[in-house]
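Asks: Provided below: model_25.txt, containing compact mmCIF, C-alpha atoms and all ligand atoms.
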```txt
# COMPACT_ATOMS: atom_id res chain seq x y z
CA MET R 1 73.86 85.25 93.59
CA GLU R 2 71.01 87.58 92.63
CA TYR R 3 72.02 90.45 90.36
CA CYS R 4 70.41 93.84 90.08
CA LEU R 5 72.22 94.52 86.81
CA GLU R 6 74.11 92.24 84.41
CA THR R 7 75.68 93.39 81.17
CA HIS R 8 76.94 90.96 78.52
CA ASP R 9 79.35 91.99 75.78
CA LEU R 10 77.89 95.49 75.48
CA CYS R 11 79.21 97.44 72.50
CA LYS R 12 78.58 101.07 71.64
CA SER R 13 80.28 103.24 69.05
CA TYR R 14 80.12 106.95 68.35
CA GLY R 15 80.82 107.08 64.62
CA ARG R 16 84.00 105.03 64.17
CA PHE R 17 85.00 105.38 67.80
CA LYS R 18 84.25 102.38 70.00
CA ALA R 19 83.31 103.62 73.47
CA LEU R 20 82.30 100.12 74.66
CA SER R 21 83.86 97.03 73.08
CA GLY R 22 82.22 94.11 74.89
CA LEU R 23 81.58 95.20 78.45
CA THR R 24 80.45 92.49 80.88
CA LEU R 25 79.58 93.40 84.47
CA HIS R 26 77.60 91.94 87.36
CA VAL R 27 76.12 94.21 90.03
CA PRO R 28 74.87 92.08 92.95
CA LYS R 29 71.61 93.01 94.67
CA GLY R 30 72.34 95.04 97.82
CA ALA R 31 75.86 96.03 96.66
CA ILE R 32 77.57 99.39 96.47
CA TYR R 33 79.32 98.74 93.19
CA GLY R 34 82.22 101.02 92.28
CA LEU R 35 82.76 101.43 88.55
CA VAL R 36 86.37 102.47 88.06
CA GLY R 37 88.11 103.57 84.89
CA ARG R 38 90.28 106.37 83.56
CA ASN R 39 88.84 109.32 81.56
CA GLY R 40 87.13 108.04 78.44
CA ALA R 41 87.03 104.41 79.65
CA GLY R 42 83.29 104.27 78.89
CA LYS R 43 81.73 104.66 82.35
CA THR R 44 79.17 107.34 81.45
CA THR R 45 78.34 105.55 78.19
CA LEU R 46 77.50 102.42 80.18
CA LEU R 47 75.34 104.39 82.61
CA ARG R 48 73.50 106.11 79.73
CA LEU R 49 72.75 102.70 78.16
CA ILE R 50 71.33 101.12 81.29
CA CYS R 51 69.25 104.25 82.02
CA GLY R 52 67.73 103.91 78.55
CA LEU R 53 69.17 107.22 77.31
CA GLN R 54 70.99 105.39 74.48
CA ARG R 55 70.83 101.93 72.91
CA PRO R 56 73.72 99.47 72.65
CA ASP R 57 74.93 98.50 69.15
CA SER R 58 75.23 94.88 70.27
CA GLY R 59 75.34 92.80 73.42
CA HIS R 60 72.65 93.10 76.05
CA TYR R 61 71.91 93.90 79.64
CA THR R 62 69.34 92.86 82.20
CA ILE R 63 67.93 94.85 85.13
CA TYR R 64 66.41 92.57 87.76
CA GLY R 65 66.55 89.79 85.16
CA VAL R 66 64.56 91.73 82.52
CA ASP R 67 66.35 92.33 79.24
CA GLY R 68 66.99 95.93 78.17
CA SER R 69 65.10 95.26 74.91
CA ASP R 70 62.07 93.72 76.68
CA ARG R 71 58.86 95.74 76.41
CA ASN R 72 58.54 95.61 80.21
CA ILE R 73 61.90 97.32 80.79
CA GLY R 74 60.10 100.69 81.29
CA SER R 75 58.29 99.44 84.38
CA ILE R 76 61.52 97.86 85.71
CA ARG R 77 63.30 101.21 85.23
CA ARG R 78 60.73 102.79 87.53
CA ARG R 79 62.56 100.86 90.27
CA MET R 80 65.71 102.73 89.30
CA GLY R 81 66.89 106.25 90.12
CA ALA R 82 69.84 107.93 88.46
CA VAL R 83 72.08 110.98 88.54
CA VAL R 84 74.06 110.76 85.28
CA GLU R 85 76.40 113.61 84.28
CA THR R 86 74.62 116.57 85.97
CA PRO R 87 71.89 116.30 88.64
CA ALA R 88 68.44 116.75 87.06
CA PHE R 89 66.48 119.53 88.77
CA CYS R 90 65.04 122.98 88.08
CA ARG R 91 67.43 125.68 89.25
CA ASP R 92 64.68 128.25 89.83
CA MET R 93 62.66 126.02 92.14
CA THR R 94 63.02 125.07 95.81
CA ALA R 95 64.09 121.57 96.86
CA ARG R 96 60.51 120.69 97.82
CA ASP R 97 59.00 122.01 94.56
CA ASN R 98 61.55 120.01 92.60
CA LEU R 99 60.41 116.84 94.33
CA VAL R 100 56.73 117.74 93.77
CA LEU R 101 57.56 118.15 90.07
CA GLN R 102 59.26 114.74 89.97
CA TYR R 103 56.35 113.11 91.82
CA LYS R 104 54.00 114.57 89.17
CA ALA R 105 56.26 113.38 86.34
CA LEU R 106 56.20 109.86 87.79
CA GLY R 107 52.42 110.04 88.21
CA LEU R 108 52.65 109.31 91.93
CA PRO R 109 49.23 109.70 93.62
CA SER R 110 50.31 111.54 96.80
CA TYR R 111 53.19 113.73 97.96
CA ASP R 112 53.40 111.94 101.30
CA GLY R 113 56.97 110.71 100.85
CA ILE R 114 58.50 114.11 100.00
CA ASP R 115 59.24 115.30 103.54
CA GLU R 116 60.88 111.96 104.35
CA ILE R 117 63.13 112.21 101.27
CA LEU R 118 64.12 115.79 102.14
CA ARG R 119 64.94 114.65 105.67
CA MET R 120 67.01 111.71 104.42
CA VAL R 121 69.16 113.87 102.16
CA GLY R 122 69.46 116.67 104.76
CA LEU R 123 67.52 119.32 102.79
CA SER R 124 64.51 119.75 105.12
CA ASP R 125 65.56 123.21 106.25
CA THR R 126 66.18 124.86 102.87
CA GLY R 127 62.74 126.57 102.87
CA GLN R 128 62.27 129.03 99.98
CA LYS R 129 65.91 128.91 98.86
CA LYS R 130 66.10 128.18 95.16
CA ALA R 131 68.26 125.28 93.98
CA LYS R 132 70.52 127.62 91.99
CA HIS R 133 71.71 129.11 95.31
CA PHE R 134 72.59 125.69 96.79
CA SER R 135 76.19 124.60 97.43
CA LEU R 136 77.63 121.88 95.16
CA GLY R 137 77.03 119.27 97.89
CA MET R 138 73.41 120.40 98.34
CA LYS R 139 72.85 120.26 94.56
CA GLN R 140 74.23 116.72 94.45
CA ARG R 141 72.00 115.74 97.38
CA LEU R 142 69.01 117.31 95.62
CA GLY R 143 69.89 115.23 92.54
CA ILE R 144 69.88 112.11 94.73
CA ALA R 145 66.58 113.25 96.32
CA VAL R 146 65.01 113.49 92.84
CA ALA R 147 66.40 110.03 92.06
CA LEU R 148 64.81 108.73 95.29
CA CYS R 149 61.27 109.73 94.23
CA GLY R 150 59.19 106.64 93.54
CA HIS R 151 61.14 104.51 96.09
CA PRO R 152 63.75 102.99 93.77
CA ASP R 153 65.78 100.02 94.96
CA PHE R 154 68.62 100.61 92.49
CA ILE R 155 70.41 103.97 92.14
CA VAL R 156 73.02 104.90 89.55
CA LEU R 157 75.38 107.80 90.34
CA ASP R 158 77.92 109.23 87.91
CA GLU R 159 80.92 110.73 89.75
CA PRO R 160 78.82 111.83 92.76
CA VAL R 161 81.60 113.64 94.64
CA ASN R 162 83.44 115.27 91.73
CA GLY R 163 84.65 118.76 92.65
CA MET R 164 83.29 118.62 96.20
CA ASP R 165 84.97 119.81 99.37
CA PRO R 166 85.85 117.24 102.08
CA GLU R 167 82.72 118.06 104.11
CA GLY R 168 80.44 117.59 101.09
CA ILE R 169 82.20 114.30 100.28
CA VAL R 170 81.54 112.96 103.78
CA GLU R 171 77.85 113.98 103.55
CA ILE R 172 77.36 112.12 100.27
CA ARG R 173 79.26 109.09 101.58
CA GLU R 174 77.13 108.91 104.71
CA LEU R 175 73.94 109.35 102.69
CA ILE R 176 74.85 106.49 100.33
CA LEU R 177 75.85 104.21 103.21
CA ARG R 178 72.63 105.01 105.09
CA LEU R 179 70.39 104.41 102.06
CA ASN R 180 72.18 101.14 101.36
CA ARG R 181 72.00 99.96 104.95
CA GLU R 182 68.55 101.19 105.98
CA GLN R 183 66.65 100.89 102.71
CA GLN R 184 68.65 98.10 101.05
CA ILE R 185 69.18 100.28 97.96
CA THR R 186 71.75 98.90 95.51
CA PHE R 187 74.17 101.52 94.15
CA LEU R 188 76.21 101.62 90.97
CA ILE R 189 78.70 104.50 91.33
CA SER R 190 81.27 105.63 88.82
CA SER R 191 84.20 107.43 90.41
CA HIS R 192 87.74 108.59 89.87
CA ILE R 193 88.35 109.10 93.56
CA LEU R 194 89.54 105.65 94.50
CA GLU R 195 90.35 106.39 98.11
CA GLU R 196 86.81 107.67 98.62
CA LEU R 197 85.32 104.71 96.75
CA SER R 198 87.24 102.30 98.97
CA LYS R 199 85.35 103.69 102.00
CA LEU R 200 82.04 102.73 100.43
CA ALA R 201 82.18 100.01 97.85
CA THR R 202 81.33 96.37 98.48
CA HIS R 203 82.26 95.45 94.90
CA TYR R 204 84.42 96.93 92.14
CA GLY R 205 84.38 96.75 88.37
CA PHE R 206 87.55 98.03 86.70
CA ILE R 207 87.10 98.99 83.05
CA ASP R 208 89.46 100.25 80.40
CA SER R 209 88.87 101.21 76.74
CA GLY R 210 85.30 99.95 76.93
CA VAL R 211 86.10 96.45 78.23
CA THR R 212 86.02 94.87 81.67
CA VAL R 213 89.49 94.38 83.14
CA LYS R 214 88.39 92.84 86.43
CA GLU R 215 85.47 92.50 88.81
CA ILE R 216 86.26 91.90 92.46
CA SER R 217 84.42 92.13 95.77
CA ALA R 218 85.83 94.38 98.50
CA ARG R 219 86.37 91.24 100.61
CA GLU R 220 88.33 89.52 97.84
CA TRP R 221 90.34 92.70 97.31
CA GLU R 222 91.15 92.99 101.03
CA ALA R 223 92.15 89.32 101.18
CA SER R 224 94.36 89.66 98.11
CA CYS R 225 96.07 92.81 99.41
CA ARG R 226 99.27 91.81 101.06
CA GLN R 227 99.39 93.15 104.58
CA CYS R 228 102.91 93.78 105.80
CA ILE R 229 104.91 95.43 108.56
CA ARG R 230 107.21 98.17 107.30
CA LEU R 231 110.39 98.53 109.33
CA THR R 232 112.51 101.65 109.06
CA VAL R 233 115.96 100.60 110.22
CA SER R 234 119.56 101.79 110.47
CA ASP R 235 120.98 98.79 108.58
CA THR R 236 118.90 96.74 106.10
CA LYS R 237 121.65 94.09 105.67
CA ALA R 238 121.54 93.32 109.38
CA VAL R 239 117.74 93.02 109.15
CA CYS R 240 118.01 90.55 106.27
CA CYS R 241 120.49 88.38 108.24
CA ALA R 242 118.26 88.47 111.32
CA LEU R 243 115.11 87.65 109.33
CA ASP R 244 116.87 84.80 107.47
CA GLY R 245 117.85 83.37 110.84
CA MET R 246 114.34 83.55 112.31
CA GLY R 247 112.44 81.04 110.12
CA GLU R 248 109.51 80.96 112.47
CA THR R 249 106.29 81.60 110.49
CA PRO R 250 103.80 78.74 109.95
CA GLY R 251 104.90 78.72 106.29
CA GLY R 252 108.61 78.39 107.23
CA LYS R 253 111.02 81.24 106.50
CA VAL R 254 110.06 84.87 107.10
CA GLU R 255 109.11 86.53 103.82
CA TYR R 256 110.40 90.07 103.35
CA ALA R 257 111.29 92.68 100.73
CA VAL R 258 113.91 95.43 100.97
CA VAL R 259 112.12 98.53 99.63
CA SER R 260 114.80 101.20 100.18
CA ASP R 261 118.15 101.83 101.90
CA SER R 262 116.38 102.07 105.22
CA GLU R 263 113.07 100.20 104.77
CA VAL R 264 112.13 96.53 104.81
CA ASP R 265 108.59 95.09 104.42
CA VAL R 266 107.95 91.91 106.41
CA PHE R 267 105.01 89.75 105.26
CA GLY R 268 102.96 87.07 107.02
CA GLU R 269 102.52 86.43 110.74
CA VAL R 270 105.63 87.41 112.65
CA ASN R 271 106.15 87.72 116.40
CA ILE R 272 106.95 91.45 116.63
CA THR R 273 108.59 91.26 120.06
CA ARG R 274 110.91 88.48 118.93
CA LEU R 275 111.66 90.35 115.71
CA VAL R 276 112.62 93.55 117.53
CA VAL R 277 114.70 91.67 120.15
CA THR R 278 116.51 89.74 117.39
CA LEU R 279 117.27 92.97 115.53
CA GLN R 280 118.47 94.66 118.69
CA LYS R 281 120.80 91.74 119.43
CA SER R 282 122.28 91.97 115.94
CA GLY R 283 122.99 95.67 116.51
CA CYS R 284 120.30 96.95 114.15
CA GLU R 285 118.30 99.91 115.36
CA VAL R 286 114.55 99.96 114.53
CA LEU R 287 113.60 103.60 113.88
CA SER R 288 109.92 102.93 113.20
CA LEU R 289 107.53 100.07 112.62
CA HIS R 290 103.98 100.22 111.19
CA GLU R 291 101.38 98.07 109.46
CA ARG R 292 100.70 98.73 105.80
CA SER R 293 98.27 97.40 103.24
CA GLU R 294 98.04 97.99 99.52
CA SER R 295 95.80 100.96 98.61
CA LEU R 296 93.02 100.63 96.04
CA GLU R 297 94.95 103.10 93.92
CA ASN R 298 98.06 100.88 93.88
CA TYR R 299 95.90 97.86 93.12
CA TYR R 300 94.32 99.76 90.22
CA ILE R 301 97.67 100.99 88.88
CA ASN R 302 99.10 97.45 88.95
CA LEU R 303 95.96 96.08 87.31
CA MET R 304 96.25 98.61 84.48
CA GLY R 305 99.88 97.77 83.97
CA GLY R 306 101.37 100.62 86.03
CA GLY R 307 101.70 104.35 85.65
CA ASN R 308 98.11 105.15 84.73
CA HIS R 309 95.81 106.84 87.16
CA ALA R 310 92.02 106.71 87.09
P1 LIG I 1 85.05 110.46 82.06
O1 LIG I 1 85.55 109.86 83.31
O2 LIG I 1 86.02 111.41 81.44
O3 LIG I 1 83.67 111.02 82.18
P2 LIG I 1 84.00 108.05 80.89
O4 LIG I 1 84.69 106.81 81.33
O5 LIG I 1 82.69 108.38 81.52
O6 LIG I 1 85.00 109.26 81.00
P3 LIG I 1 82.54 108.21 78.40
O7 LIG I 1 81.95 109.54 78.69
O8 LIG I 1 81.65 107.03 78.44
O9 LIG I 1 83.82 107.93 79.31
O10 LIG I 1 83.22 108.32 76.98
C1 LIG I 1 83.89 107.22 76.37
C2 LIG I 1 84.47 107.72 75.06
O11 LIG I 1 83.41 107.97 74.16
C3 LIG I 1 85.26 109.00 75.19
O12 LIG I 1 86.42 108.91 74.39
C4 LIG I 1 84.32 110.07 74.68
O13 LIG I 1 85.05 111.11 74.05
C5 LIG I 1 83.49 109.31 73.67
N1 LIG I 1 82.11 109.84 73.61
C6 LIG I 1 81.26 109.89 74.62
N2 LIG I 1 80.07 110.42 74.23
C7 LIG I 1 80.21 110.73 72.93
C8 LIG I 1 79.36 111.30 71.94
N3 LIG I 1 78.10 111.63 72.21
N4 LIG I 1 79.85 111.45 70.69
C9 LIG I 1 81.12 111.09 70.38
N5 LIG I 1 82.00 110.54 71.27
C10 LIG I 1 81.55 110.35 72.52
```
In structure tokens, write the structure found in this file.
Ligand code: ATP
Replies:
Amino acid sequence: MEYCLETHDLCKSYGRFKALSGLTLHVPKGAIYGLVGRNGAGKTTLLRLICGLQRPDSGHYTIYGVDGSDRNIGSIRRRMGAVVETPAFCRDMTARDNLVLQYKALGLPSYDGIDEILRMVGLSDTGQKKAKHFSLGMKQRLGIAVALCGHPDFIVLDEPVNGMDPEGIVEIRELILRLNREQQITFLISSHILEELSKLATHYGFIDSGVTVKEISAREWEASCRQCIRLTVSDTKAVCCALDGMGETPGGKVEYAVVSDSEVDVFGEVNITRLVVTLQKSGCEVLSLHERSESLENYYINLMGGGNHA
């Protein structure tokens, strides 16, 4: 697999405090990689290192195969755009003037691409409005627009939807998905909002106390999440007897778990009609029946040993 970013045993301390203690991650080319970790896990520190804002104490990283300490890393970083901590733009300037400024800073020969970037991020119609009067969502989109100058193929976003309203969240999500799909831009996104991340990410890296806990692709995560049918019933004992008597799945007996006085989760492939008929015959009323799968949040909580939220 080709990686856009690889980090190996990255360490970074602030005084005596170790923010990163050997962080190893692999961001595949073309991915939307969700970097997940609780407050203080080291997400922003990692993003600062790979953007060249700080240096690691030890360990190393490569961007498109070029080491972070290589003298050519500057030209490789020109293929990268980033919004780390707060979006970088001038509050007293319009969206367009901000992009002109960034084009100048990058030494780009013509401003031809600016209108296209404004269109992509949905800021074409902001005219003379200064950035300081933008909504939070517009500011975040302007930050992404600035990051898009110079046609990067790798974009790093630090908590892109923090504090946003549901409409703003959807706009950012659709923008990221469109840029990934239409322009093959790889994204590395740190986020606390796991439900939102699960609508976007193709890969996840879970970190805690500056180390990698697990990397997993969205496909692997979906495959590992146990799908089940949750039955709400009048009598769980009767359900257990009926399920024990069925023994019809390809793997043999029906696998199930009693989750409360009135709820039973049934795993694996089960013939629903036969299940309901069997329960009816044994005098057990089925009050409701629906499919469930493990949420990313539950997966994360279990991974971190329970009880801790991102
Ligand atoms: P959050 O989700 O809260 O932004 P994070 O995962 O991004 O957290 P970092 O910002 O990387 O975490 O911080 C990791 C740890 O390093 C934290 O305990 C933080 O207090 C500490 N830290 C970060 N920057 C500095 C600094 N410049 N000086 C001292 N300590 C720092």
Asks: Could you give me, as a PyMOL selection string, every polymer residue with an atom at most 10 Å away from an atom of ligand LIG 1 (chain I), counting only C-alpha atoms and all ligand atoms?
Replies: chain R and resi 12-20+35-49+54+84-85+158-159+190-192+207-210+310
Asks: Give me the residues near Ala82 (chain R) as an MDAnalysis selection string, where near means some atom within 9 Å (using all atoms listed in the file) and where sequence neighbours in that chain fewer than 6 positions away do not count.
Replies: chainID R and resid 47 51 143:144 146:148 154:158
Asks: Export C-alpha atoms of the chosen residues as a tab-separated table (two decimals), keeping the file's coordinate frame?
Replies:
```
chain	number	residue	atom	x	y	z
R	47	LEU	CA	75.34	104.39	82.61
R	51	CYS	CA	69.25	104.25	82.02
R	143	GLY	CA	69.89	115.23	92.54
R	144	ILE	CA	69.88	112.11	94.73
R	146	VAL	CA	65.01	113.49	92.84
R	147	ALA	CA	66.40	110.03	92.06
R	148	LEU	CA	64.81	108.73	95.29
R	154	PHE	CA	68.62	100.61	92.49
R	155	ILE	CA	70.41	103.97	92.14
R	156	VAL	CA	73.02	104.90	89.55
R	157	LEU	CA	75.38	107.80	90.34
R	158	ASP	CA	77.92	109.23	87.91
```
Asks: Let me make sure I understand: among R:Ser21, R:Leu296, R:Leu179, R:His133, which one has the smallest atom-to-atom distance to Glu196 (chain R) if we use all atoms listed in the file?
Replies: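 The closest residue to Glu196 (chain R) is R:Leu296.
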Asks: Kindly give the distance, in Å, that separates CA of Met80 (chain R) and CA of Glu222 (chain R), rounded to a single decimal.
Replies: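 It comes out at 29.7 Å.
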Asks: Suppose you want the space between CA of Leu303 (chain R) and CA of Thr7 (chain R); what is it in Å?
Replies: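 It comes out at 21.4 Å.
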Asks: With all atoms listed in the file as the basis for distance, which of R:Gly245, R:Gly127, R:Gly283, R:Gly59 is at the shortest distance from Thr94 (chain R)?
Replies: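 Ranking R:Gly245, R:Gly127, R:Gly283, R:Gly59 by distance to Thr94 (chain R), first place goes to R:Gly127.
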Asks: Considering only C-alpha atoms, state which residue in the set R:Glu294, R:Arg79, R:Leu99, R:Gly122 is at the smallest distance from Ser224 (chain R).
Replies: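 Looking at the shortest contact to Ser224 (chain R), the residue is R:Glu294.
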